[in-house]
Each structure stands twice: as structure tokens, then as C-alpha cells.
>>> print(open('input-v2.cif').read())   # mmCIF, C-alpha atoms and all ligand atoms
data_work
loop_
_atom_site.label_atom_id
_atom_site.label_comp_id
_atom_site.auth_asym_id
_atom_site.auth_seq_id
_atom_site.Cartn_x
_atom_site.Cartn_y
_atom_site.Cartn_z
CA MET A 27 34.60 62.47 -60.69
CA THR A 28 31.77 60.66 -62.56
CA SER A 29 32.97 57.15 -63.55
CA THR A 30 32.45 55.51 -66.91
CA PRO A 31 30.43 52.25 -67.12
CA SER A 32 33.55 50.15 -67.85
CA THR A 33 35.39 51.30 -64.73
CA LEU A 34 32.24 50.93 -62.62
CA SER A 35 31.65 47.27 -63.34
CA SER A 36 34.90 46.06 -61.74
CA LYS A 37 34.50 48.17 -58.65
CA ARG A 38 34.37 46.94 -55.03
CA ILE A 39 31.43 48.22 -53.02
CA TYR A 40 31.54 47.92 -49.22
CA ILE A 41 28.26 46.99 -47.53
CA GLN A 42 27.62 48.00 -43.92
CA GLU A 43 24.70 46.38 -42.09
CA VAL A 44 22.61 48.50 -39.71
CA VAL A 45 19.60 46.26 -39.00
CA THR A 46 20.38 45.55 -35.36
CA ARG A 47 20.77 49.31 -34.68
CA ASP A 48 18.72 51.43 -37.12
CA GLY A 49 16.43 48.46 -37.82
CA PHE A 50 15.67 47.42 -34.26
CA GLN A 51 15.65 50.79 -32.47
CA ALA A 52 12.03 51.66 -33.32
CA GLU A 53 10.56 48.17 -32.83
CA SER A 54 8.12 48.15 -29.93
CA ALA A 55 8.34 44.50 -28.77
CA PHE A 56 11.72 43.87 -27.13
CA ILE A 57 13.91 41.52 -29.16
CA PRO A 58 15.75 39.21 -26.74
CA THR A 59 19.50 39.73 -26.40
CA GLU A 60 20.28 36.16 -27.52
CA GLU A 61 18.24 36.68 -30.73
CA LYS A 62 20.22 39.85 -31.51
CA ILE A 63 23.49 38.00 -30.94
CA ALA A 64 22.41 35.03 -33.08
CA LEU A 65 21.42 37.31 -35.97
CA ILE A 66 24.68 39.29 -35.84
CA ASN A 67 26.67 36.04 -35.78
CA ARG A 68 24.92 34.86 -38.96
CA LEU A 69 25.37 38.25 -40.64
CA SER A 70 29.05 38.30 -39.68
CA ARG A 71 29.59 35.33 -42.00
CA ALA A 72 27.74 36.86 -44.98
CA GLY A 73 30.54 39.10 -46.27
CA TYR A 74 29.96 42.54 -44.71
CA ALA A 75 32.71 45.13 -44.43
CA LYS A 76 31.15 46.60 -41.29
CA ILE A 77 28.25 45.85 -38.95
CA GLU A 78 26.66 48.48 -36.73
CA VAL A 79 25.91 46.23 -33.79
CA THR A 80 23.95 48.49 -31.44
CA SER A 81 23.95 51.97 -29.91
CA PHE A 82 25.25 53.20 -26.59
CA THR A 83 22.45 55.68 -26.08
CA SER A 84 20.27 56.41 -23.09
CA PRO A 85 18.14 53.32 -22.36
CA LYS A 86 15.26 55.71 -21.72
CA ALA A 87 15.60 57.13 -25.25
CA ILE A 88 16.11 53.75 -26.97
CA PRO A 89 14.88 50.94 -24.68
CA MET A 90 15.36 48.30 -27.38
CA LEU A 91 19.14 48.75 -27.26
CA ALA A 92 19.51 48.87 -23.47
CA ASP A 93 21.40 45.56 -23.72
CA ALA A 94 24.25 47.09 -25.78
CA GLU A 95 27.04 45.78 -23.50
CA ALA A 96 25.66 42.24 -23.43
CA VAL A 97 25.25 42.17 -27.22
CA MET A 98 28.75 43.52 -27.90
CA GLN A 99 30.27 41.04 -25.47
CA GLY A 100 28.18 38.12 -26.73
CA ILE A 101 28.90 38.26 -30.47
CA ASP A 102 31.65 36.46 -32.38
CA ARG A 103 34.15 38.95 -33.81
CA ILE A 104 34.99 37.66 -37.28
CA PRO A 105 38.33 38.92 -38.67
CA GLY A 106 37.82 41.29 -41.59
CA VAL A 107 34.48 42.62 -40.28
CA GLU A 108 34.53 45.94 -38.44
CA TYR A 109 32.13 46.15 -35.51
CA THR A 110 30.89 49.70 -34.99
CA VAL A 111 28.36 51.22 -32.57
CA LEU A 112 26.33 54.45 -32.55
CA ILE A 113 27.39 56.95 -29.90
CA PRO A 114 25.62 60.24 -29.02
CA ASN A 115 27.82 61.49 -26.15
CA LEU A 116 30.87 60.89 -23.92
CA ARG A 117 28.92 58.58 -21.62
CA GLY A 118 28.17 56.33 -24.60
CA ALA A 119 31.81 56.35 -25.70
CA GLU A 120 33.00 55.30 -22.25
CA ARG A 121 30.49 52.43 -22.19
CA ALA A 122 31.65 51.31 -25.66
CA LEU A 123 35.33 51.47 -24.70
CA ALA A 124 34.67 49.26 -21.69
CA VAL A 125 33.49 46.40 -23.93
CA GLY A 126 35.77 47.12 -26.93
CA VAL A 127 34.54 48.24 -30.35
CA ASP A 128 36.36 48.73 -33.67
CA GLU A 129 34.82 52.12 -34.38
CA PHE A 130 32.81 54.85 -32.69
CA ASN A 131 30.01 55.97 -35.01
CA LEU A 132 29.13 59.38 -33.58
CA VAL A 133 25.79 60.96 -34.41
CA MET A 134 24.33 64.43 -34.70
CA SER A 135 21.94 66.17 -37.09
CA VAL A 136 22.52 68.90 -39.63
CA SER A 137 19.07 70.20 -38.75
CA GLU A 138 18.72 71.97 -35.40
CA ALA A 139 15.09 70.78 -35.07
CA HIS A 140 16.02 67.11 -35.51
CA ASN A 141 19.03 67.37 -33.21
CA GLN A 142 16.77 68.77 -30.48
CA ALA A 143 14.14 66.07 -31.07
CA ASN A 144 16.61 63.19 -31.24
CA LEU A 145 19.41 64.17 -28.90
CA LYS A 146 17.72 66.78 -26.68
CA MET A 147 20.45 69.36 -27.21
CA SER A 148 21.58 72.03 -29.65
CA ARG A 149 23.88 71.14 -32.53
CA GLU A 150 26.59 73.23 -30.92
CA ASP A 151 26.31 71.28 -27.66
CA SER A 152 26.40 68.02 -29.62
CA PHE A 153 29.53 69.17 -31.44
CA GLN A 154 31.29 70.20 -28.23
CA GLY A 155 30.44 66.84 -26.60
CA LEU A 156 31.45 64.87 -29.67
CA SER A 157 34.75 66.77 -29.88
CA SER A 158 35.63 65.30 -26.46
CA VAL A 159 34.66 61.86 -27.77
CA ILE A 160 36.98 62.32 -30.78
CA THR A 161 39.84 63.27 -28.44
CA LEU A 162 39.12 60.13 -26.39
CA ALA A 163 38.94 57.98 -29.55
CA HIS A 164 42.31 59.28 -30.73
CA SER A 165 43.96 58.59 -27.37
CA GLU A 166 42.49 55.06 -27.33
CA LYS A 167 43.44 54.43 -30.99
CA THR A 168 39.81 53.77 -31.88
CA ALA A 169 38.58 54.73 -35.35
CA VAL A 170 35.91 57.41 -35.43
CA ASN A 171 33.12 58.12 -37.91
CA ILE A 172 30.41 60.77 -37.73
CA SER A 173 26.92 60.08 -39.05
CA LEU A 174 25.28 63.36 -40.02
CA SER A 175 21.52 62.86 -39.80
CA THR A 176 19.12 64.91 -41.98
CA SER A 177 21.95 65.71 -44.43
CA PHE A 178 19.55 66.07 -47.35
CA GLY A 179 16.32 67.05 -45.64
CA CYS A 180 14.54 67.19 -42.28
CA PRO A 181 10.86 66.34 -41.75
CA MET A 182 10.51 69.41 -39.51
CA ALA A 183 12.81 71.97 -41.15
CA GLY A 184 12.55 71.06 -44.86
CA MET A 185 15.34 70.50 -47.38
CA THR A 186 18.93 70.85 -46.15
CA SER A 187 21.15 73.27 -48.07
CA LEU A 188 24.61 72.21 -49.22
CA PRO A 189 26.32 75.04 -47.25
CA ASP A 190 24.54 73.89 -44.06
CA LEU A 191 25.78 70.33 -44.62
CA MET A 192 29.31 71.49 -45.50
CA HIS A 193 29.51 73.55 -42.30
CA TRP A 194 29.36 70.32 -40.24
CA VAL A 195 31.43 68.30 -42.70
CA ASP A 196 34.20 70.92 -42.43
CA ARG A 197 34.12 70.97 -38.64
CA PHE A 198 34.28 67.19 -38.25
CA ALA A 199 36.96 66.87 -40.94
CA ALA A 200 39.02 69.45 -39.00
CA ALA A 201 38.43 67.49 -35.79
CA GLY A 202 40.15 64.47 -37.37
CA VAL A 203 37.46 61.86 -37.99
CA ARG A 204 38.33 58.90 -40.24
CA GLY A 205 34.97 58.88 -42.00
CA ILE A 206 31.69 60.71 -42.49
CA THR A 207 28.29 59.17 -43.20
CA ILE A 208 25.85 61.35 -45.09
CA CYS A 209 22.41 60.25 -43.87
CA ASP A 210 19.05 60.73 -45.56
CA THR A 211 17.12 60.08 -42.36
CA THR A 212 13.60 60.23 -43.78
CA GLY A 213 14.10 59.53 -47.49
CA MET A 214 13.92 63.11 -48.76
CA ALA A 215 16.95 63.00 -51.09
CA ASN A 216 16.65 62.66 -54.85
CA PRO A 217 19.35 61.35 -57.23
CA ALA A 218 20.29 64.78 -58.63
CA GLN A 219 20.81 66.15 -55.11
CA VAL A 220 22.77 63.04 -54.14
CA GLN A 221 25.07 63.43 -57.13
CA ALA A 222 25.74 67.08 -56.32
CA VAL A 223 26.48 66.40 -52.64
CA CYS A 224 28.68 63.35 -53.31
CA GLU A 225 30.76 65.19 -55.90
CA VAL A 226 31.39 68.17 -53.62
CA VAL A 227 32.31 66.22 -50.47
CA GLN A 228 34.67 63.77 -52.22
CA LYS A 229 36.39 66.56 -54.13
CA LYS A 230 36.97 68.55 -50.94
CA TYR A 231 37.99 65.60 -48.73
CA PRO A 232 39.18 62.73 -50.96
CA ALA A 233 41.02 60.97 -48.11
CA LEU A 234 37.97 60.61 -45.83
CA GLN A 235 36.03 57.34 -45.76
CA TRP A 236 32.64 58.36 -47.18
CA THR A 237 29.46 56.36 -46.51
CA LEU A 238 25.97 57.06 -47.83
CA HIS A 239 22.97 56.10 -45.68
CA PHE A 240 19.61 56.11 -47.40
CA HIS A 241 16.05 55.41 -46.32
CA ASN A 242 13.49 54.29 -48.88
CA THR A 243 10.64 56.36 -47.45
CA ARG A 244 9.65 57.80 -50.82
CA GLY A 245 10.86 54.99 -53.08
CA MET A 246 14.07 56.78 -54.13
CA GLY A 247 16.49 54.68 -52.07
CA LEU A 248 18.17 52.49 -54.69
CA ALA A 249 18.12 55.27 -57.29
CA ASN A 250 19.95 57.44 -54.76
CA ALA A 251 22.48 54.68 -54.05
CA LEU A 252 23.22 54.33 -57.75
CA ALA A 253 23.57 58.09 -58.15
CA ALA A 254 26.15 57.98 -55.35
CA VAL A 255 28.00 55.02 -56.89
CA ASN A 256 28.22 56.93 -60.18
CA THR A 257 30.21 59.66 -58.43
CA GLY A 258 32.69 57.18 -56.92
CA ILE A 259 31.06 56.43 -53.55
CA ASN A 260 31.84 52.81 -52.60
CA ARG A 261 30.37 52.39 -49.11
CA PHE A 262 26.73 52.10 -48.05
CA ASP A 263 24.70 51.51 -44.92
CA SER A 264 21.70 49.26 -45.52
CA SER A 265 19.32 47.21 -43.44
CA LEU A 266 18.31 43.57 -43.77
CA GLY A 267 14.76 43.35 -45.08
CA GLY A 268 14.60 47.16 -45.29
CA LEU A 269 13.72 47.45 -41.59
CA GLY A 270 14.54 50.73 -39.89
CA GLY A 271 13.88 54.34 -39.01
CA CYS A 272 14.65 56.93 -36.39
CA PRO A 273 12.00 56.95 -33.62
CA TYR A 274 12.53 60.71 -33.21
CA ALA A 275 11.96 61.67 -36.88
CA PRO A 276 8.27 62.01 -37.79
CA GLY A 277 7.35 59.74 -40.72
CA ALA A 278 10.61 57.80 -40.73
CA THR A 279 10.51 54.38 -42.41
CA GLY A 280 13.00 51.70 -43.34
CA ASN A 281 16.52 51.95 -44.68
CA ILE A 282 17.38 50.74 -48.15
CA CYS A 283 17.17 46.96 -48.06
CA THR A 284 20.51 45.13 -47.95
CA GLU A 285 19.49 42.17 -50.08
CA GLU A 286 17.96 44.45 -52.73
CA LEU A 287 21.06 46.66 -52.83
CA VAL A 288 23.41 43.65 -53.08
CA HIS A 289 21.23 41.90 -55.68
CA MET A 290 21.20 45.01 -57.88
CA LEU A 291 24.93 45.73 -57.55
CA ASP A 292 25.93 42.09 -58.13
CA LEU A 293 23.77 41.91 -61.28
CA MET A 294 25.50 45.04 -62.55
CA GLY A 295 28.93 43.46 -62.07
CA PHE A 296 30.09 45.28 -58.94
CA HIS A 297 31.97 43.29 -56.30
CA THR A 298 30.09 43.38 -53.01
CA ASN A 299 31.67 40.23 -51.52
CA MET A 300 28.22 39.41 -50.10
CA GLN A 301 26.49 36.04 -49.93
CA ILE A 302 23.05 36.93 -51.23
CA ASP A 303 21.42 33.58 -50.40
CA ALA A 304 22.56 33.83 -46.80
CA LEU A 305 21.08 37.33 -46.66
CA LEU A 306 17.73 36.12 -47.97
CA ASP A 307 17.67 33.32 -45.39
CA CYS A 308 18.44 35.81 -42.59
CA SER A 309 15.79 38.21 -43.89
CA LYS A 310 13.15 35.47 -43.99
CA ASP A 311 13.94 34.48 -40.41
CA LEU A 312 13.91 38.14 -39.34
CA GLN A 313 10.36 38.38 -40.64
CA SER A 314 9.36 35.56 -38.29
CA LEU A 315 11.29 37.18 -35.43
CA ILE A 316 9.48 40.51 -35.66
CA GLY A 317 6.18 38.92 -36.69
CA ARG A 318 5.37 40.93 -39.78
CA ILE A 319 6.18 41.25 -43.48
CA LEU A 320 9.38 43.20 -44.14
CA PRO A 321 9.51 45.83 -46.92
CA SER A 322 11.87 43.66 -49.03
CA GLN A 323 10.54 43.22 -52.53
CA LEU A 324 13.36 40.79 -53.25
CA LEU A 325 12.24 38.54 -50.41
CA MET A 326 8.78 38.47 -51.99
CA ALA A 327 9.80 38.05 -55.63
CA GLY A 328 13.04 36.05 -55.30
CA LYS A 329 16.23 36.74 -57.26
CA VAL A 330 16.05 37.21 -61.03
CA ASP A 331 17.20 33.62 -61.55
CA ARG A 332 14.13 32.25 -59.75
CA LEU A 333 12.05 30.47 -62.37
CA HIS A 334 8.38 29.61 -62.20
CA ALA A 335 6.49 26.73 -63.78
CA THR A 336 4.64 27.70 -66.95
CA PRO A 337 1.01 28.39 -65.99
CA CYS A 338 -1.36 25.64 -67.21
CA GLN A 339 -3.13 26.49 -70.45
CA PRO A 340 -6.94 26.19 -70.32
N1 LIG B 401 24.19 55.75 -22.12
C1 LIG B 401 23.44 55.44 -21.03
N2 LIG B 401 22.78 56.35 -20.31
C2 LIG B 401 22.90 57.63 -20.68
C3 LIG B 401 23.68 58.03 -21.78
C4 LIG B 401 24.33 57.03 -22.51
N3 LIG B 401 25.06 57.30 -23.60
N4 LIG B 401 23.60 59.36 -21.90
C5 LIG B 401 22.80 59.80 -20.90
N5 LIG B 401 22.38 58.75 -20.16
C6 LIG B 401 21.47 58.76 -19.02
C7 LIG B 401 21.87 59.72 -17.94
O1 LIG B 401 22.76 59.11 -17.06
C8 LIG B 401 20.55 60.03 -17.30
O2 LIG B 401 20.15 58.96 -16.50
P1 LIG B 401 19.25 59.17 -15.17
O3 LIG B 401 17.95 59.75 -15.63
O4 LIG B 401 19.10 57.80 -14.60
O5 LIG B 401 20.03 60.12 -14.32
C9 LIG B 401 19.59 60.05 -18.48
O6 LIG B 401 20.21 59.22 -19.49
C10 LIG B 401 19.36 61.42 -19.02
O7 LIG B 401 20.61 62.04 -19.24
P2 LIG B 401 20.75 63.43 -19.98
O8 LIG B 401 22.19 63.76 -20.13
O9 LIG B 401 19.86 64.43 -19.31
O10 LIG B 401 20.23 63.05 -21.39
P3 LIG B 401 18.95 63.54 -22.15
O11 LIG B 401 17.71 63.05 -21.51
O12 LIG B 401 19.09 64.98 -22.44
O13 LIG B 401 19.17 62.69 -23.52
C11 LIG B 401 20.72 61.60 -25.00
C12 LIG B 401 20.32 62.89 -24.33
C13 LIG B 401 21.65 61.95 -26.15
C14 LIG B 401 21.45 60.72 -23.99
C15 LIG B 401 19.47 60.84 -25.48
O14 LIG B 401 18.62 61.74 -26.14
C16 LIG B 401 19.81 59.71 -26.41
O15 LIG B 401 20.40 58.72 -26.03
N6 LIG B 401 19.39 59.81 -27.69
C17 LIG B 401 19.67 58.82 -28.70
C18 LIG B 401 18.63 58.90 -29.77
C19 LIG B 401 18.88 57.87 -30.84
O16 LIG B 401 19.66 56.95 -30.73
N7 LIG B 401 18.14 58.05 -31.93
C20 LIG B 401 18.19 57.18 -33.04
C21 LIG B 401 19.45 57.24 -33.81
S1 LIG B 401 19.49 58.51 -35.02
ZN ZN B 402 18.90 55.77 -40.60
#
>>> encode(input="input-v2.cif", output="C-alpha cells", more="lines below")
Ligand code: COA
Ligand code: ZN
Amino acid sequence: MTSTPSTLSSKRIYIQEVVTRDGFQAESAFIPTEEKIALINRLSRAGYAKIEVTSFTSPKAIPMLADAEAVMQGIDRIPGVEYTVLIPNLRGAERALAVGVDEFNLVMSVSEAHNQANLKMSREDSFQGLSSVITLAHSEKTAVNISLSTSFGCPMAGMTSLPDLMHWVDRFAAAGVRGITICDTTGMANPAQVQAVCEVVQKKYPALQWTLHFHNTRGMGLANALAAVNTGINRFDSSLGGLGGCPYAPGATGNICTEELVHMLDLMGFHTNMQIDALLDCSKDLQSLIGRILPSQLLMAGKVDRLHATPCQP
């Protein structure tokens, strides 16, 4: 499954933005609905394959995204971009159907402890509820993806074993999802582990749409993305400016940063289809919007083609 460098360099990589969902959900100061819509409209024209617009969760659990309907209804839907939303239960799916989405991105955790903390129910109860959502999605001809949180490790239960992950992969594959996102919710994965997981899942289910979702909590984010690419993975979630983190996972920090991921892949010769300068402009404006420095090293340093004046000699 591991690709050679020559086949890698011509490869298309699909970038999926999650800043207005994973990025915004833990922010304390409410971001106005019109600002969310304006940002998504700019991002929609930057070349993404998919944008996770919002989540249809309980407004008590995630107050920042209580305006999910208004945001979904307010954005421009650019042809070629898939607009997905995070859904934890049937109630969320019904709300999403009422406004029209391209994909349901279901969520549950591989770790029982994180599922209880995040979704207030057992994994089994999540699975039963999500099975009804999958049935609904199929009858409504809506694509369905499952994001498996804590796929590599859980801040409360420790490292996740491959058999534990495969148990849930197998059950959702049997339930008929189109895609599965393997999420490293709190940046516990390392590149060797990522390689092993990616090889096993693609070999077992080559027809599923696989996405990798990394957080850079321990500085391994881009190394993990590259390890995944080297096994043939071609789809990543990432967040503008590196903003993000689950409010119900102790110690969670930002996702891998979209502009850094795109900058690296483009320099290596991959085809991301992304407009890096537009991303940097959006990221700079996002910094003003949330009122603090984002964890984007690229925003600080500029692209590799940014030249500086020679320092004056004494
Ligand atoms: N959308 C809107 N409201 C919802 C809802 C949904 N999808 N699901 C439940 N609710 C409402 C219920 O109607 C109820 O409202 P009420 O108090 O006014 O009667 C309230 O939320 C509690 O419902 P309940 O079924 O008891 O849910 P809960 O308190 O056990 O929470 C979840 C379960 C899944 C709804 C909630 O934990 C959640 O939304 N979690 C999302 C967490 C998340 O997004 N984390 C980050 C992403 S990884
Ligand atoms: Zn995440």
C-alpha cells in the first residue's frame, strides 16, 4: 500500500475545512452568525473539497453553534464543494434535513469515557441512535460519514488499541456509511501508529472514503498527515489558523492548520486545488475576529517564497 515518491508527487489531496465547527465550538465569546456566514463564503471560494459548516448538537452542549440552521441557510452553496455538518443523534439529523445538507457527519467515540463525557451516553446507545440516522440518511439519499473520535488515544482512557478501533469501523462499514473519519481528538497519535492504522483500514475497506483528522496538541500533526499520505490516504480535515478542539476532551487544542498543511503539500508537488494566499488572508482576518494570535506558524513566518531585506551591516 505504501506509495513511491514518484507516484506521490502527482497525487490529488482533498482538503476539508473544519474551522467553523471544530474551530469555533470551544470559543467562549459568541461569534455572530453573519461573521460565520461571511467566513464560510470566503472559504467556499478557496478550493476546498468539503466544508464542515456547523453542528446540529444540543445548544446547551455547544452554545456557539446554536445558530446552525441560520448559518446553513445563509451561506452560498458553491458547486463542487460539499457542505457537511456534525450530527450526534436523530434530533440533529432531522434539524439538518430541514435545511438541506450534502452529508451527515455522524460522531461517536471509540473510547467509552470520551463518549460519556462528550455525548452523555454509552457507545452502544450512540451506535443504536446513529443506526437510525443512517437509515434516515439512506431513505433521504443523503451521504453519510462517521467521525470516530479518540481513534488513536483518549485523554482519560489512554492509547486506543487497533482491535477497539476496528470493532467500530466494522460496525459502521456494515451499516452502510460512505466514509469514515479517523480522529486523533487530542493529538496522541504518532506517525508509526498512523501508518499501521491507515494500512489496515484501507486494506480491509478500500471502497470507503477515508479521512484523517489530526490535532497538533503534541506537535505531531503534520508528521502524522504525511505518514497517512504515504499509505495512500488522500483526504484530511484541517482548521484555518490551527484553531480547534473538543470542549469535552481534557487538554484538547487545535487541529492541524489548513494553510500549513496546504503549503507543505503544494511544495511537495501534491495537487490540493487550494488557493493558499486566500487562506492566509482568511486566517489573518480570523485572528482579528477572535482577538488573539492563532497557532499558525505559516501566518507568522509567511510562505517560503517570502523574502526579507538583507539586514544592514554595521
Ligand atoms: N439538537 C438540538 N437539541 C437537542 C439535540 C440536538 N441534536 N439533542 C438533544 N437536544 C436537546 C433536547 O431536546 C433537550 O432539550 P431540553 O432540555 O430543552 O428538553 C436537551 O438537548 C437534552 O437532551 P438529551 O437527549 O437529554 O441530551 P443530553 O443532555 O444527554 O446530551 C447530546 C446529548 C448528544 C445531545 C449532547 O451531549 C450533545 O449535543 N453533544 C455534542 C457534543 C459535541 O458536539 N462535542 C464536540 C464535537 S466532538
Ligand atoms: Zn477534532
>>> atom_distance(input="input-v2.cif", atom1="atom CA of A:Ala183", atom2="atom S1 of ligand LIG 401 (chain B)")
16.2 Å
>>> residues_near_ligand(input="input-v2.cif", ligand="ligand ZN 402 (chain B)", cutoff="9 Å", atoms="all atoms listed in the file", output="list in words")
Val44, Arg47, Asp48, Gly49, Ser175, Cys209, Asp210, Thr211, Thr212, His239, Phe240, His241, Asp263, Ser264, Gly270, Gly271, Cys272, Ala278, Thr279, Gly280 and Asn281 of chain A
>>> atom_distance(input="input-v2.cif", atom1="atom CA of A:Glu108", atom2="atom O15 of ligand LIG 401 (chain B)")
22.7 Å
>>> atom_distance(input="input-v2.cif", atom1="atom C11 of ligand LIG 401 (chain B)", atom2="atom CA of A:Lys86")
8.7 Å
>>> residues_near_point(input="input-v2.cif", point="(35.6, 62.4, -24.6)", cutoff="12 Å", atoms="only C-alpha atoms", output="list in words")
Ile113, Pro114, Asn115, Leu116, Arg117, Gly118, Ala119, Glu120, Arg121, Ala122, Leu123, Phe130, Leu132, Ser152, Phe153, Gln154, Gly155, Leu156, Ser157, Ser158, Val159, Ile160, Thr161, Leu162, Ala163, His164, Ser165, Glu166 and Val170 of chain A
>>> closest_residue(input="input-v2.cif", among="A:Ile66, A:Ala55, A:Leu252, A:Ile282", to="A:Pro321", atoms="all atoms listed in the file")
A:Ile282
>>> residues_around(input="input-v2.cif", residues="A:Gly213", least_positions_apart="6", cutoff="6 Å", atoms="all atoms listed in the file", output="PyMOL selection string")
chain A and resi 241-244
>>> closest_residue(input="input-v2.cif", among="A:Leu269, A:Val330, A:Met134, A:Val79", to="A:Leu191", atoms="only C-alpha atoms")
A:Met134
>>> residues_around(input="input-v2.cif", residues="A:Cys224", least_positions_apart="4", cutoff="10 Å", atoms="only C-alpha atoms", output="PyMOL selection string")
chain A and resi 27+208+219-220+228-229+236-238+253-259
>>> closest_residue(input="input-v2.cif", among="A:Arg318, A:Lys329, A:Arg71, A:Arg204", to="A:Asp292", atoms="only C-alpha atoms")
A:Lys329
>>> residues_around(input="input-v2.cif", residues="A:Gly205", least_positions_apart="5", cutoff="9 Å", atoms="all atoms listed in the file", output="tab-separated table (two decimals) with C-alpha atoms, in the frame of the given file")
chain	number	residue	atom	x	y	z
A	169	ALA	CA	38.58	54.73	-35.35
A	170	VAL	CA	35.91	57.41	-35.43
A	171	ASN	CA	33.12	58.12	-37.91
A	172	ILE	CA	30.41	60.77	-37.73
A	173	SER	CA	26.92	60.08	-39.05
A	199	ALA	CA	36.96	66.87	-40.94
A	233	ALA	CA	41.02	60.97	-48.11
A	234	LEU	CA	37.97	60.61	-45.83
A	235	GLN	CA	36.03	57.34	-45.76
A	236	TRP	CA	32.64	58.36	-47.18
A	237	THR	CA	29.46	56.36	-46.51
>>> closest_residue(input="input-v2.cif", among="A:Lys62, A:Pro273, A:Val125, A:Gln99", to="ligand LIG 401 (chain B)", atoms="all atoms listed in the file")
A:Pro273
>>> closest_residue(input="input-v2.cif", among="A:Pro105, A:Ala275, A:Met290, A:Asp128", to="A:Asn141", atoms="all atoms listed in the file")
A:Ala275
